[in-house]
Amino acid sequence: ELYPKVQFDTLERAGEYSIFSVYVADSIEDNIKINFSDEIEYSEYLESVKNLSLYDCEIEVNASDRILTLTTCTYEKKGANLIIHAKLN
């Protein structure tokens with residue numbers, strides 16, 4: 001809640017992203033998906049990760065948004081990961 005943005009820069013461009021979901025997951029394999037059969041499946045995925053969020057980030061996302069996903073280990077439970085999803089502004 002204190003830091004609702006992520007600055008992620010590449011060699012080609014700078015990017016500011018707005019966080020729309022933060023949650024703890026038992027497995028990143030079950031929660032990070034990169035291939036979708038169509039736009040509807042992708043939209044459903046975005047809605048599902050938004051619903052998992054520990055915080056109400058009040059950021060709208062749709063299939064045309066550019067999404068950044070970050071993950072790191074956390075110690076809430078053994079093998080858990082903290083996952084953050086953000087959209088490019």
# chains A, B, ... in the order shown; residues from 1 in each chain; ligands from 1
>>> select_by_dssp(residues="chain A", states="helix (DSSP H, G or I)", output="list in words")
Ile28, Glu29, Asp30, Asn31, Glu39, Ile40, Glu41, Tyr42, Ser43, Glu44, Tyr45, Leu46, Glu47, Ser48, Val49, Lys50 and Asn51 of chain A
>>> residues_around(residues="Ser48 in chain A", least_positions_apart="5", cutoff="10 Å", atoms="only C-alpha atoms", output="PyMOL selection string")
chain A and resi 21+31+42-43+53
>>> write_last_selection(atoms="C-alpha atoms", output="JSON list (two decimals), in the first residue's frame")
[["chain", "number", "residue", "atom", "x", "y", "z"],
["A", 21, "SER", "CA", -2.00, -7.81, -7.23],
["A", 31, "ASN", "CA", 0.18, -19.03, -10.41],
["A", 42, "TYR", "CA", -5.81, -14.26, -20.63],
["A", 43, "SER", "CA", -8.50, -11.91, -19.28],
["A", 53, "SER", "CA", -4.43, -10.02, -3.99]]
>>> residues_around(residues="range 67-73 of chain A", least_positions_apart="6", cutoff="6 Å", atoms="only C-alpha atoms", output="MDAnalysis selection string")
chainID A and resid 81:87
>>> write_last_selection(atoms="all heavy atoms", output="mmCIF file, in the first residue's frame")
data_model
loop_
_atom_site.group_PDB
_atom_site.id
_atom_site.type_symbol
_atom_site.label_atom_id
_atom_site.label_comp_id
_atom_site.auth_asym_id
_atom_site.auth_seq_id
_atom_site.Cartn_x
_atom_site.Cartn_y
_atom_site.Cartn_z
ATOM 1 N N ASN A 81 5.947 -18.476 -2.188
ATOM 2 C CA ASN A 81 6.502 -17.342 -2.940
ATOM 3 C C ASN A 81 5.575 -16.145 -2.832
ATOM 4 O O ASN A 81 4.350 -16.295 -2.852
ATOM 5 C CB ASN A 81 6.655 -17.697 -4.423
ATOM 6 C CG ASN A 81 7.733 -18.711 -4.644
ATOM 7 O OD1 ASN A 81 7.507 -19.901 -4.521
ATOM 8 N ND2 ASN A 81 8.924 -18.250 -4.951
ATOM 9 N N LEU A 82 6.164 -14.962 -2.751
ATOM 10 C CA LEU A 82 5.416 -13.719 -2.849
ATOM 11 C C LEU A 82 5.393 -13.352 -4.324
ATOM 12 O O LEU A 82 6.446 -13.306 -4.979
ATOM 13 C CB LEU A 82 6.084 -12.605 -2.043
ATOM 14 C CG LEU A 82 5.385 -11.244 -2.116
ATOM 15 C CD1 LEU A 82 4.052 -11.307 -1.379
ATOM 16 C CD2 LEU A 82 6.266 -10.157 -1.557
ATOM 17 N N ILE A 83 4.197 -13.122 -4.868
ATOM 18 C CA ILE A 83 4.053 -12.799 -6.284
ATOM 19 C C ILE A 83 3.417 -11.424 -6.420
ATOM 20 O O ILE A 83 2.426 -11.119 -5.742
ATOM 21 C CB ILE A 83 3.213 -13.865 -7.013
ATOM 22 C CG1 ILE A 83 3.892 -15.229 -6.869
ATOM 23 C CG2 ILE A 83 3.032 -13.492 -8.487
ATOM 24 C CD1 ILE A 83 3.133 -16.376 -7.458
ATOM 25 N N ILE A 84 4.007 -10.599 -7.263
ATOM 26 C CA ILE A 84 3.516 -9.244 -7.525
ATOM 27 C C ILE A 84 3.257 -9.108 -9.024
ATOM 28 O O ILE A 84 4.119 -9.446 -9.835
ATOM 29 C CB ILE A 84 4.554 -8.191 -7.083
ATOM 30 C CG1 ILE A 84 4.825 -8.323 -5.587
ATOM 31 C CG2 ILE A 84 4.092 -6.780 -7.443
ATOM 32 C CD1 ILE A 84 6.017 -7.517 -5.107
ATOM 33 N N HIS A 85 2.064 -8.643 -9.369
ATOM 34 C CA HIS A 85 1.722 -8.363 -10.767
ATOM 35 C C HIS A 85 1.487 -6.865 -10.891
ATOM 36 O O HIS A 85 0.814 -6.268 -10.040
ATOM 37 C CB HIS A 85 0.434 -9.095 -11.184
ATOM 38 C CG HIS A 85 0.519 -10.579 -11.090
ATOM 39 N ND1 HIS A 85 1.111 -11.355 -12.050
ATOM 40 C CD2 HIS A 85 0.066 -11.428 -10.147
ATOM 41 C CE1 HIS A 85 1.000 -12.624 -11.715
ATOM 42 N NE2 HIS A 85 0.397 -12.703 -10.555
ATOM 43 N N ALA A 86 2.017 -6.267 -11.960
ATOM 44 C CA ALA A 86 1.856 -4.837 -12.183
ATOM 45 C C ALA A 86 1.650 -4.586 -13.674
ATOM 46 O O ALA A 86 2.147 -5.353 -14.505
ATOM 47 C CB ALA A 86 3.069 -4.074 -11.674
ATOM 48 N N LYS A 87 0.937 -3.499 -13.997
ATOM 49 C CA LYS A 87 0.724 -3.180 -15.413
ATOM 50 C C LYS A 87 1.487 -1.911 -15.770
ATOM 51 O O LYS A 87 1.627 -0.995 -14.962
ATOM 52 C CB LYS A 87 -0.754 -3.041 -15.737
ATOM 53 C CG LYS A 87 -1.394 -1.743 -15.362
ATOM 54 C CD LYS A 87 -2.812 -1.692 -15.918
ATOM 55 C CE LYS A 87 -3.389 -0.315 -15.832
ATOM 56 N NZ LYS A 87 -4.680 -0.204 -16.481
#
>>> residues_around(residues="Tyr17 in chain A", least_positions_apart="4", cutoff="7 Å", atoms="only C-alpha atoms", output="ChimeraX atom specification")
/A:5-7,86-89
>>> residues_around(residues="Ser27 in chain A", least_positions_apart="3", cutoff="9 Å", atoms="only C-alpha atoms", output="PyMOL selection string")
chain A and resi 24+30-32+79-81
>>> write_last_selection(atoms="all heavy atoms", output="PDB file, in the first residue's frame")
ATOM      1  N   VAL A  24       0.608 -14.391  -1.685  1.00  0.00           N
ATOM      2  CA  VAL A  24       1.514 -15.489  -1.371  1.00  0.00           C
ATOM      3  C   VAL A  24       0.944 -16.746  -2.004  1.00  0.00           C
ATOM      4  O   VAL A  24      -0.245 -17.033  -1.877  1.00  0.00           O
ATOM      5  CB  VAL A  24       1.664 -15.663   0.156  1.00  0.00           C
ATOM      6  CG1 VAL A  24       2.521 -16.878   0.477  1.00  0.00           C
ATOM      7  CG2 VAL A  24       2.260 -14.409   0.779  1.00  0.00           C
ATOM      8  N   ASP A  30       1.732 -22.923 -10.455  1.00  0.00           N
ATOM      9  CA  ASP A  30       0.277 -22.833 -10.510  1.00  0.00           C
ATOM     10  C   ASP A  30      -0.222 -21.402 -10.685  1.00  0.00           C
ATOM     11  O   ASP A  30      -1.374 -21.192 -11.021  1.00  0.00           O
ATOM     12  CB  ASP A  30      -0.346 -23.421  -9.236  1.00  0.00           C
ATOM     13  CG  ASP A  30      -0.084 -24.912  -9.110  1.00  0.00           C
ATOM     14  OD1 ASP A  30       0.163 -25.562 -10.150  1.00  0.00           O
ATOM     15  OD2 ASP A  30      -0.118 -25.422  -7.979  1.00  0.00           O
ATOM     16  N   ASN A  31       0.639 -20.414 -10.427  1.00  0.00           N
ATOM     17  CA  ASN A  31       0.181 -19.030 -10.414  1.00  0.00           C
ATOM     18  C   ASN A  31       0.798 -18.115 -11.459  1.00  0.00           C
ATOM     19  O   ASN A  31       0.330 -17.010 -11.643  1.00  0.00           O
ATOM     20  CB  ASN A  31       0.407 -18.435  -9.020  1.00  0.00           C
ATOM     21  CG  ASN A  31      -0.466 -19.106  -7.991  1.00  0.00           C
ATOM     22  OD1 ASN A  31      -0.086 -20.107  -7.424  1.00  0.00           O
ATOM     23  ND2 ASN A  31      -1.647 -18.578  -7.786  1.00  0.00           N
ATOM     24  N   ILE A  32       1.843 -18.556 -12.109  1.00  0.00           N
ATOM     25  CA  ILE A  32       2.451 -17.737 -13.156  1.00  0.00           C
ATOM     26  C   ILE A  32       2.269 -18.467 -14.480  1.00  0.00           C
ATOM     27  O   ILE A  32       2.793 -19.560 -14.677  1.00  0.00           O
ATOM     28  CB  ILE A  32       3.932 -17.451 -12.876  1.00  0.00           C
ATOM     29  CG1 ILE A  32       4.057 -16.639 -11.598  1.00  0.00           C
ATOM     30  CG2 ILE A  32       4.563 -16.714 -14.046  1.00  0.00           C
ATOM     31  CD1 ILE A  32       5.466 -16.315 -11.188  1.00  0.00           C
ATOM     32  N   GLY A  79       8.299 -23.230   1.225  1.00  0.00           N
ATOM     33  CA  GLY A  79       8.177 -23.305  -0.219  1.00  0.00           C
ATOM     34  C   GLY A  79       7.292 -22.240  -0.846  1.00  0.00           C
ATOM     35  O   GLY A  79       7.050 -22.272  -2.042  1.00  0.00           O
ATOM     36  N   ALA A  80       6.804 -21.294  -0.067  1.00  0.00           N
ATOM     37  CA  ALA A  80       5.886 -20.266  -0.583  1.00  0.00           C
ATOM     38  C   ALA A  80       6.651 -19.165  -1.317  1.00  0.00           C
ATOM     39  O   ALA A  80       7.846 -18.953  -1.092  1.00  0.00           O
ATOM     40  CB  ALA A  80       5.068 -19.670   0.554  1.00  0.00           C
ATOM     41  N   ASN A  81       5.947 -18.476  -2.188  1.00  0.00           N
ATOM     42  CA  ASN A  81       6.502 -17.342  -2.940  1.00  0.00           C
ATOM     43  C   ASN A  81       5.575 -16.145  -2.832  1.00  0.00           C
ATOM     44  O   ASN A  81       4.350 -16.295  -2.852  1.00  0.00           O
ATOM     45  CB  ASN A  81       6.655 -17.697  -4.423  1.00  0.00           C
ATOM     46  CG  ASN A  81       7.733 -18.711  -4.644  1.00  0.00           C
ATOM     47  OD1 ASN A  81       7.507 -19.901  -4.521  1.00  0.00           O
ATOM     48  ND2 ASN A  81       8.924 -18.250  -4.951  1.00  0.00           N
TER      49      ASN A  81
END
>>> select_by_dssp(residues="chain A", states="strand (DSSP E or B)", output="mmCIF file with N, CA and C atoms, in the first residue's frame")
data_model
loop_
_atom_site.group_PDB
_atom_site.id
_atom_site.type_symbol
_atom_site.label_atom_id
_atom_site.label_comp_id
_atom_site.auth_asym_id
_atom_site.auth_seq_id
_atom_site.Cartn_x
_atom_site.Cartn_y
_atom_site.Cartn_z
ATOM 1 N N LYS A 5 3.815 1.508 -6.967
ATOM 2 C CA LYS A 5 4.435 1.522 -8.294
ATOM 3 C C LYS A 5 5.756 0.753 -8.270
ATOM 4 N N VAL A 6 6.139 0.259 -9.453
ATOM 5 C CA VAL A 6 7.424 -0.401 -9.656
ATOM 6 C C VAL A 6 8.094 0.285 -10.836
ATOM 7 N N GLN A 7 9.349 0.639 -10.668
ATOM 8 C CA GLN A 7 10.131 1.178 -11.774
ATOM 9 C C GLN A 7 10.990 0.046 -12.307
ATOM 10 N N GLU A 16 7.330 2.508 -15.849
ATOM 11 C CA GLU A 16 6.697 2.588 -14.542
ATOM 12 C C GLU A 16 5.448 1.726 -14.580
ATOM 13 N N TYR A 17 5.316 0.858 -13.595
ATOM 14 C CA TYR A 17 4.221 -0.095 -13.530
ATOM 15 C C TYR A 17 3.404 0.138 -12.266
ATOM 16 N N SER A 18 2.094 -0.019 -12.376
ATOM 17 C CA SER A 18 1.183 0.084 -11.232
ATOM 18 C C SER A 18 0.832 -1.320 -10.754
ATOM 19 N N ILE A 19 1.064 -1.575 -9.488
ATOM 20 C CA ILE A 19 0.798 -2.885 -8.899
ATOM 21 C C ILE A 19 -0.702 -3.109 -8.798
ATOM 22 N N PHE A 20 -1.167 -4.274 -9.294
ATOM 23 C CA PHE A 20 -2.588 -4.595 -9.181
ATOM 24 C C PHE A 20 -2.843 -5.869 -8.391
ATOM 25 N N SER A 21 -1.791 -6.604 -8.019
ATOM 26 C CA SER A 21 -1.998 -7.812 -7.228
ATOM 27 C C SER A 21 -0.727 -8.187 -6.488
ATOM 28 N N VAL A 22 -0.876 -8.528 -5.209
ATOM 29 C CA VAL A 22 0.219 -9.008 -4.362
ATOM 30 C C VAL A 22 -0.343 -10.157 -3.541
ATOM 31 N N TYR A 23 0.274 -11.330 -3.627
ATOM 32 C CA TYR A 23 -0.238 -12.464 -2.866
ATOM 33 C C TYR A 23 0.864 -13.490 -2.621
ATOM 34 N N VAL A 24 0.608 -14.391 -1.685
ATOM 35 C CA VAL A 24 1.514 -15.489 -1.371
ATOM 36 C C VAL A 24 0.944 -16.746 -2.004
ATOM 37 N N ALA A 25 1.799 -17.501 -2.700
ATOM 38 C CA ALA A 25 1.370 -18.726 -3.378
ATOM 39 C C ALA A 25 2.254 -19.892 -2.953
ATOM 40 N N ILE A 67 2.028 -6.549 -18.807
ATOM 41 C CA ILE A 67 2.094 -6.984 -17.415
ATOM 42 C C ILE A 67 3.519 -7.383 -17.043
ATOM 43 N N LEU A 68 3.933 -6.959 -15.848
ATOM 44 C CA LEU A 68 5.203 -7.358 -15.251
ATOM 45 C C LEU A 68 4.867 -8.237 -14.046
ATOM 46 N N THR A 69 5.508 -9.399 -13.952
ATOM 47 C CA THR A 69 5.307 -10.293 -12.814
ATOM 48 C C THR A 69 6.639 -10.496 -12.116
ATOM 49 N N LEU A 70 6.652 -10.261 -10.819
ATOM 50 C CA LEU A 70 7.839 -10.445 -9.991
ATOM 51 C C LEU A 70 7.529 -11.493 -8.926
ATOM 52 N N THR A 71 8.515 -12.302 -8.593
ATOM 53 C CA THR A 71 8.325 -13.295 -7.538
ATOM 54 C C THR A 71 9.604 -13.443 -6.731
ATOM 55 N N THR A 72 9.419 -13.722 -5.451
ATOM 56 C CA THR A 72 10.543 -13.966 -4.559
ATOM 57 C C THR A 72 10.083 -14.933 -3.481
ATOM 58 N N CYS A 73 11.038 -15.556 -2.808
ATOM 59 C CA CYS A 73 10.666 -16.470 -1.730
ATOM 60 C C CYS A 73 10.135 -15.658 -0.546
ATOM 61 N N ASN A 81 5.947 -18.476 -2.188
ATOM 62 C CA ASN A 81 6.502 -17.342 -2.940
ATOM 63 C C ASN A 81 5.575 -16.145 -2.832
ATOM 64 N N LEU A 82 6.164 -14.962 -2.751
ATOM 65 C CA LEU A 82 5.416 -13.719 -2.849
ATOM 66 C C LEU A 82 5.393 -13.352 -4.324
ATOM 67 N N ILE A 83 4.197 -13.122 -4.868
ATOM 68 C CA ILE A 83 4.053 -12.799 -6.284
ATOM 69 C C ILE A 83 3.417 -11.424 -6.420
ATOM 70 N N ILE A 84 4.007 -10.599 -7.263
ATOM 71 C CA ILE A 84 3.516 -9.244 -7.525
ATOM 72 C C ILE A 84 3.257 -9.108 -9.024
ATOM 73 N N HIS A 85 2.064 -8.643 -9.369
ATOM 74 C CA HIS A 85 1.722 -8.363 -10.767
ATOM 75 C C HIS A 85 1.487 -6.865 -10.891
ATOM 76 N N ALA A 86 2.017 -6.267 -11.960
ATOM 77 C CA ALA A 86 1.856 -4.837 -12.183
ATOM 78 C C ALA A 86 1.650 -4.586 -13.674
ATOM 79 N N LYS A 87 0.937 -3.499 -13.997
ATOM 80 C CA LYS A 87 0.724 -3.180 -15.413
ATOM 81 C C LYS A 87 1.487 -1.911 -15.770
ATOM 82 N N LEU A 88 1.977 -1.875 -17.016
ATOM 83 C CA LEU A 88 2.729 -0.735 -17.518
ATOM 84 C C LEU A 88 1.813 0.469 -17.631
#
>>> closest_residue(among="A:Asp38, A:Arg66, A:Tyr3, A:Ile59", to="Gly15 in chain A", atoms="only C-alpha atoms")
A:Arg66
>>> atom_distance(atom1="CA of Val61 in chain A", atom2="CA of Ile28 in chain A")
20.7 Å
>>> atom_distance(atom1="CA of Asp26 in chain A", atom2="CA of Leu52 in chain A")
12.4 Å
>>> closest_residue(among="A:Tyr45, A:Tyr55, A:Tyr75, A:Phe8", to="Lys33 in chain A", atoms="only C-alpha atoms")
A:Tyr45
